[in-house]
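Student: What follows is my_file_24.cif, mmCIF, C-alpha atoms and all ligand atoms.
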data_start
#
loop_
_atom_site.label_atom_id
_atom_site.label_comp_id
_atom_site.auth_asym_id
_atom_site.auth_seq_id
_atom_site.Cartn_x
_atom_site.Cartn_y
_atom_site.Cartn_z
CA MET A 799 0.00 0.00 0.00
CA SER A 800 1.12 3.51 -0.54
CA ILE A 801 0.42 7.21 -0.83
CA ILE A 802 0.38 8.41 -4.42
CA ALA A 803 0.35 11.97 -5.70
CA LYS A 804 -0.62 12.30 -9.37
CA HIS A 805 0.09 15.60 -11.08
CA VAL A 806 -0.76 17.54 -7.96
CA GLY A 807 -0.85 21.31 -8.03
CA LYS A 808 -1.85 23.91 -5.49
CA THR A 809 -2.85 27.53 -5.89
CA ILE A 810 -3.96 29.82 -3.10
CA GLY A 811 -5.86 33.08 -2.95
CA GLU A 812 -7.48 35.48 -5.38
CA PRO A 813 -5.88 36.16 -7.79
CA PRO A 814 -4.46 32.64 -7.47
CA THR A 815 -0.82 32.31 -6.47
CA ARG A 816 0.83 29.07 -7.50
CA ILE A 817 2.52 27.17 -4.68
CA LEU A 818 3.00 23.66 -6.10
CA THR A 819 3.27 22.51 -9.71
CA ASP A 820 2.79 19.01 -11.17
CA ILE A 821 3.97 16.91 -8.24
CA SER A 822 3.90 13.16 -8.89
CA LEU A 823 5.36 10.74 -6.40
CA GLU A 824 4.69 7.46 -4.65
CA ILE A 825 5.50 6.76 -1.03
CA ARG A 826 5.58 3.05 -0.24
CA ASP A 827 4.97 1.42 3.11
CA GLY A 828 8.01 1.44 5.34
CA GLU A 829 9.73 4.33 3.61
CA PHE A 830 11.51 7.15 5.38
CA LEU A 831 11.24 10.16 3.11
CA ALA A 832 12.68 13.61 3.74
CA LEU A 833 11.19 16.62 1.98
CA THR A 834 13.80 19.35 1.72
CA GLY A 835 14.08 22.74 0.10
CA ARG A 836 14.38 26.40 0.94
CA SER A 837 11.90 28.39 2.96
CA GLY A 838 8.79 28.99 0.86
CA SER A 839 9.53 26.15 -1.60
CA GLY A 840 6.26 24.41 -0.68
CA LYS A 841 7.38 21.64 1.71
CA SER A 842 4.68 22.14 4.34
CA THR A 843 2.00 22.57 1.71
CA LEU A 844 2.99 19.27 0.09
CA LEU A 845 3.07 17.51 3.48
CA TYR A 846 -0.47 18.67 4.24
CA LEU A 847 -1.67 17.50 0.83
CA LEU A 848 -0.04 14.08 1.20
CA SER A 849 -1.62 13.68 4.64
CA SER A 850 -5.10 14.77 3.48
CA LEU A 851 -5.15 17.81 5.80
CA ASP A 852 -5.35 19.98 2.68
CA THR A 853 -6.82 19.38 -0.78
CA PRO A 854 -5.04 19.86 -4.11
CA SER A 855 -6.19 22.41 -6.69
CA GLU A 856 -5.23 20.01 -9.47
CA GLY A 857 -4.46 16.31 -9.62
CA ASP A 858 -5.22 13.58 -7.11
CA ILE A 859 -3.90 12.15 -3.88
CA GLU A 860 -4.55 8.45 -3.33
CA ILE A 861 -4.01 6.84 0.01
CA GLU A 862 -4.26 3.06 0.11
CA GLY A 863 -5.90 3.12 -3.29
CA ARG A 864 -8.61 5.57 -2.22
CA LYS A 865 -8.92 9.05 -3.64
CA VAL A 866 -8.87 11.43 -0.71
CA SER A 867 -11.02 13.94 -2.63
CA ARG A 868 -13.81 11.39 -2.84
CA MET A 869 -13.85 10.49 0.84
CA GLU A 870 -16.49 12.04 3.08
CA THR A 871 -15.30 14.31 5.87
CA GLU A 872 -16.31 11.98 8.69
CA THR A 873 -14.76 8.94 7.00
CA LEU A 874 -11.62 10.93 6.30
CA HIS A 875 -11.32 12.03 9.94
CA ARG A 876 -11.61 8.47 11.17
CA PHE A 877 -9.22 7.18 8.52
CA ARG A 878 -6.67 9.84 9.46
CA ASN A 879 -7.00 9.12 13.16
CA GLU A 880 -6.47 5.40 12.60
CA THR A 881 -3.65 5.52 10.11
CA MET A 882 -1.71 8.77 10.59
CA GLY A 883 0.27 10.52 13.28
CA PHE A 884 1.51 14.10 13.16
CA ILE A 885 4.53 15.86 14.63
CA PHE A 886 4.98 19.63 14.31
CA GLN A 887 7.73 22.11 15.08
CA PHE A 888 5.83 23.61 18.04
CA TYR A 889 4.59 20.40 19.74
CA TYR A 890 0.99 21.60 20.31
CA LEU A 891 0.51 19.80 23.60
CA LEU A 892 -2.62 20.68 25.56
CA ALA A 893 -1.53 22.82 28.50
CA ASP A 894 -4.09 21.50 31.00
CA LEU A 895 -3.44 17.82 30.38
CA ASN A 896 -0.53 15.90 31.84
CA VAL A 897 1.98 14.01 29.73
CA VAL A 898 0.23 10.66 29.57
CA GLU A 899 -3.16 12.33 28.95
CA ASN A 900 -1.63 14.28 26.06
CA VAL A 901 -0.24 11.08 24.57
CA LEU A 902 -3.68 9.47 24.85
CA MET A 903 -5.51 12.34 23.11
CA PRO A 904 -5.85 10.51 19.75
CA ALA A 905 -7.38 7.54 21.62
CA ARG A 906 -10.18 9.63 23.15
CA LYS A 907 -12.58 9.99 20.26
CA PRO A 908 -12.54 6.29 19.31
CA GLY A 909 -12.96 5.43 23.02
CA LYS A 910 -9.64 3.61 23.31
CA GLU A 911 -8.02 5.53 26.17
CA ASN A 912 -7.93 2.60 28.56
CA GLU A 913 -6.94 0.11 25.89
CA LYS A 914 -4.05 2.32 24.78
CA ARG A 915 -2.80 3.40 28.21
CA PRO A 916 -0.22 0.60 28.65
CA TYR A 917 1.20 1.31 25.20
CA ALA A 918 1.30 5.07 25.89
CA GLU A 919 3.21 4.39 29.10
CA SER A 920 5.62 2.02 27.41
CA LEU A 921 6.40 4.60 24.71
CA LEU A 922 7.04 7.24 27.37
CA GLU A 923 9.33 4.85 29.24
CA ARG A 924 11.23 4.10 26.06
CA PHE A 925 11.50 7.82 25.37
CA GLY A 926 13.06 8.50 28.80
CA LEU A 927 9.99 10.10 30.34
CA ALA A 928 8.98 7.40 32.84
CA ASP A 929 9.27 9.74 35.82
CA LYS A 930 7.51 12.66 34.08
CA MET A 931 4.23 11.07 32.98
CA HIS A 932 2.13 13.15 35.38
CA ARG A 933 3.74 16.52 34.72
CA LEU A 934 2.10 19.29 32.73
CA PRO A 935 3.74 20.35 29.45
CA ARG A 936 5.01 23.64 30.94
CA GLN A 937 7.03 21.60 33.45
CA LEU A 938 9.02 20.01 30.62
CA SER A 939 11.88 21.21 28.42
CA GLY A 940 11.29 21.72 24.70
CA GLY A 941 13.06 18.47 23.86
CA GLU A 942 10.93 16.58 26.38
CA GLN A 943 7.76 18.16 25.00
CA GLN A 944 8.66 17.03 21.52
CA ARG A 945 9.27 13.48 22.77
CA VAL A 946 5.76 13.56 24.27
CA ALA A 947 4.43 14.77 20.91
CA ILE A 948 6.17 11.86 19.17
CA ALA A 949 4.63 9.39 21.62
CA ARG A 950 1.24 10.98 20.87
CA ALA A 951 1.87 10.58 17.13
CA LEU A 952 2.66 6.89 17.63
CA VAL A 953 0.07 5.87 20.20
CA MET A 954 -2.54 4.68 17.69
CA GLU A 955 0.18 2.61 15.97
CA PRO A 956 -0.30 4.55 12.73
CA LYS A 957 1.05 3.36 9.43
CA TYR A 958 2.18 6.86 8.54
CA VAL A 959 3.81 9.63 10.52
CA PHE A 960 4.02 13.12 9.02
CA ALA A 961 6.53 15.46 10.61
CA ASP A 962 6.94 19.15 9.76
CA GLU A 963 10.33 20.42 10.97
CA PRO A 964 10.25 18.22 14.09
CA THR A 965 13.69 19.45 15.16
CA GLY A 966 13.10 23.07 14.15
CA SER A 967 12.77 24.42 17.70
CA LEU A 968 15.47 22.28 19.29
CA ASP A 969 19.20 22.51 19.92
CA SER A 970 21.39 19.92 18.26
CA VAL A 971 21.44 17.43 21.15
CA ASN A 972 17.66 17.45 21.49
CA GLY A 973 17.32 17.42 17.73
CA GLU A 974 19.39 14.24 17.58
CA ASN A 975 17.28 12.66 20.32
CA VAL A 976 14.15 13.40 18.34
CA MET A 977 15.70 11.99 15.16
CA ASN A 978 16.64 8.81 17.05
CA LEU A 979 13.01 8.33 18.03
CA ILE A 980 11.81 8.95 14.48
CA GLN A 981 14.33 6.39 13.21
CA TYR A 982 13.17 3.97 15.92
CA ALA A 983 9.59 4.39 14.68
CA ASN A 984 10.68 3.69 11.10
CA GLU A 985 13.01 0.78 11.76
CA LYS A 986 11.43 -0.99 14.73
CA LEU A 987 7.75 -0.08 14.46
CA LYS A 988 7.84 -0.12 10.63
CA THR A 989 6.12 3.26 10.48
CA THR A 990 6.29 5.09 7.16
CA ILE A 991 7.84 8.51 7.82
CA ILE A 992 7.40 11.63 5.72
CA MET A 993 9.47 14.40 7.27
CA VAL A 994 9.98 18.00 6.24
CA THR A 995 13.35 19.38 7.26
CA HIS A 996 15.82 21.93 6.03
CA GLU A 997 18.63 20.45 8.11
CA GLN A 998 20.83 18.43 5.78
CA ASP A 999 22.33 16.31 8.56
CA PHE A 1000 18.86 15.12 9.51
CA ALA A 1001 17.60 14.75 5.94
CA ARG A 1002 20.52 12.39 5.30
CA LEU A 1003 19.13 9.97 7.92
CA ALA A 1004 16.12 9.38 5.68
CA LYS A 1005 16.28 6.58 3.12
CA ARG A 1006 15.10 8.90 0.37
CA GLN A 1007 15.15 12.64 -0.16
CA ILE A 1008 12.97 14.81 -2.34
CA GLN A 1009 13.97 18.39 -2.87
CA LEU A 1010 11.46 21.09 -3.74
CA VAL A 1011 12.47 24.19 -5.65
CA ASP A 1012 9.80 26.82 -6.23
CA GLY A 1013 7.00 24.31 -5.78
CA LYS A 1014 8.44 21.67 -8.09
CA ILE A 1015 10.35 18.46 -7.48
CA PHE A 1016 13.96 19.19 -8.31
N1 LIG A 1101 -2.46 30.22 3.26
C1 LIG A 1101 -1.58 30.79 2.42
N2 LIG A 1101 -1.88 31.92 1.75
C2 LIG A 1101 -1.01 32.48 0.90
N3 LIG A 1101 0.20 31.98 0.64
C3 LIG A 1101 0.57 30.88 1.27
C4 LIG A 1101 -0.29 30.21 2.21
N4 LIG A 1101 0.35 29.13 2.68
C5 LIG A 1101 1.55 29.12 2.08
N5 LIG A 1101 1.69 30.16 1.24
C6 LIG A 1101 2.87 30.47 0.40
O1 LIG A 1101 3.21 29.30 -0.31
C7 LIG A 1101 4.60 29.11 -0.41
C8 LIG A 1101 5.00 27.76 0.15
O2 LIG A 1101 4.69 27.73 1.53
P1 LIG A 1101 5.11 26.52 2.47
O3 LIG A 1101 4.66 26.84 3.85
O4 LIG A 1101 4.62 25.25 1.88
O5 LIG A 1101 6.71 26.57 2.36
P2 LIG A 1101 7.81 25.78 3.17
O6 LIG A 1101 8.73 25.17 2.17
O7 LIG A 1101 7.18 24.88 4.17
O8 LIG A 1101 8.60 26.96 3.91
P3 LIG A 1101 9.30 27.00 5.37
O9 LIG A 1101 10.59 26.23 5.24
O10 LIG A 1101 9.53 28.45 5.60
O11 LIG A 1101 8.34 26.40 6.34
C9 LIG A 1101 5.21 30.30 0.33
O12 LIG A 1101 5.58 31.27 -0.61
C10 LIG A 1101 4.08 30.79 1.21
O13 LIG A 1101 4.20 32.17 1.45
MG MG A 1102 7.11 24.85 6.24
#
Take the structure I supplied and represent it as structure tokens, if you would.
Tutor:
Amino acid sequence: MSIIAKHVGKTIGEPPTRILTDISLEIRDGEFLALTGRSGSGKSTLLYLLSSLDTPSEGDIEIEGRKVSRMETETLHRFRNETMGFIFQFYYLLADLNVVENVLMPARKPGKENEKRPYAESLLERFGLADKMHRLPRQLSGGEQQRVAIARALVMEPKYVFADEPTGSLDSVNGENVMNLIQYANEKLKTTIIMVTHEQDFARLAKRQIQLVDGKIF
């Protein structure tokens, strides 16, 4: 199974500004793909299209053989929740929930909080946060908060993880820690990773790199 983009384009605004042009690519299960390119080249936009958070202006995105544009909103939400995890530059943890509750957020809507709790705790232990499970996000460092966000992205055992500059707010030591966990997810949990980064050292850890220049694959 795979994610396929076929001649995807994106324009925004009125008059329309072109952001992406004729993107075709296939991401197979188990891949670790880095999307690179300069600021404004369209990396985040492409990531959101590939993950169905945004819709293309032209072309099609197919996930597991299904055209995202044809899926109903409710179906798409459930599908995304079951198969995809997300990691962002700024963590987006909920301030009033403790660490383990944050990790279990994706399990709430499908009513799987109790079922997933042991797995959430085991991820946090593996990520070096065993003694911090009941802290609030503000009582953690940035690197720790991002590790919580990675555990949250993995808790539903998604097939795909989409990461937009996951090391962008971190110093190099914490950035390396985060990359280790992303590699762990790819190699040990067999999660397909699609990661936007402009840090070459981190992009090199991916098995495949795609560079965007002015909204096109270079
Ligand atoms: N909602 C929007 N309205 C107008 N223009 C937008 C919008 N979103 C993105 N753009 C423009 O589209 C282009 C690509 O944006 P995008 O965020 O995908 O770039 P990026 O490669 O992720 O950049 P960065 O490395 O700075 O995050 C940029 O020129 C940006 O200004
Ligand atoms: Mg971006």
Student: Using all atoms listed in the file, which residues of chain A come within 6 Å of ligand LIG 1101 (chain A), and what is the closest atom pair for each, with the distance in Å to one decimal? Give it as a Markdown table, sorted by chain and residue number.
Tutor:
| residue | atom | partner | partner_atom | distance |
| --- | --- | --- | --- | --- |
| A:Ile810 | CA | A:LIG1101 | C2 | 5.6 |
| A:Ile817 | CA | A:LIG1101 | O1 | 4.9 |
| A:Arg836 | CA | A:LIG1101 | O9 | 5.7 |
| A:Ser837 | CA | A:LIG1101 | O9 | 3.4 |
| A:Gly838 | CA | A:LIG1101 | O5 | 3.5 |
| A:Ser839 | CA | A:LIG1101 | O6 | 4.0 |
| A:Gly840 | CA | A:LIG1101 | O4 | 3.2 |
| A:Lys841 | CA | A:LIG1101 | O6 | 3.8 |
| A:Ser842 | CA | A:LIG1101 | O7 | 3.7 |
| A:Thr843 | CA | A:LIG1101 | O4 | 3.8 |
Student: Taking all atoms listed in the file into account, which residues have an atom no farther than 12 Å from ligand MG 1102 (chain A)? I'd like them as a list of chain:residue names.
Tutor: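 Listing the residues within 12 Å of ligand MG 1102 (chain A) gives A:Leu833, A:Thr834, A:Gly835, A:Arg836, A:Ser837, A:Gly838, A:Ser839, A:Gly840, A:Lys841, A:Ser842, A:Thr843, A:Leu844, A:Leu845, A:Tyr846, A:Phe886, A:Gln887, A:Phe888, A:Ala961, A:Asp962, A:Glu963, A:Pro964, A:Gly966, A:Met993, A:Val994, A:Thr995, A:His996, A:Leu1010.
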Student: Counting all atoms listed in the file, which of A:Arg915, A:Lys865, A:Arg1002, A:His875 gets nearest to Glu899 in chain A?
Tutor: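 Among the listed residues, the smallest separation from Glu899 in chain A belongs to A:Arg915.
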Student: I'd like to know which of A:Glu856, A:Glu870, A:Asp894, A:Glu955 is closest to Leu921 in chain A, using only C-alpha atoms.
Tutor: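 Checking each of A:Glu856, A:Glu870, A:Asp894, A:Glu955 against Leu921 in chain A, counting only C-alpha atoms, the winner is A:Glu955.
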Student: Which value, in Å to one decimal, gives the distance between CA of Leu902 in chain A and CA of Gly941 in chain A?
Tutor: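 Result for CA of Leu902 in chain A versus CA of Gly941 in chain A: 19.0 Å, one decimal.
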Student: Please return, as a list in words, all polymer residues that have at least one atom within 6 Å of the point (-6.1, 17.9, -9.9); use all atoms listed in the file and the file's own coordinate frame.
Tutor: Val806, Ser855, Glu856, Gly857 and Asp858 of chain A
Student: Would you mind exporting C-alpha atoms of the selected residues as an mmCIF file, keeping the file's coordinate frame?
Tutor:
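Just written: result-v3.cif:
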data_model
loop_
_atom_site.group_PDB
_atom_site.id
_atom_site.type_symbol
_atom_site.label_atom_id
_atom_site.label_comp_id
_atom_site.auth_asym_id
_atom_site.auth_seq_id
_atom_site.Cartn_x
_atom_site.Cartn_y
_atom_site.Cartn_z
ATOM 1 C CA VAL A 806 -0.760 17.540 -7.960
ATOM 2 C CA SER A 855 -6.190 22.410 -6.690
ATOM 3 C CA GLU A 856 -5.230 20.010 -9.470
ATOM 4 C CA GLY A 857 -4.460 16.310 -9.620
ATOM 5 C CA ASP A 858 -5.220 13.580 -7.110
#
Student: Find the distance between CA of Glu824 in chain A and CA of Pro956 in chain A and write it in Å to one decimal.
Tutor: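 Calculated distance between CA of Glu824 in chain A and CA of Pro956 in chain A is 18.3 Å.
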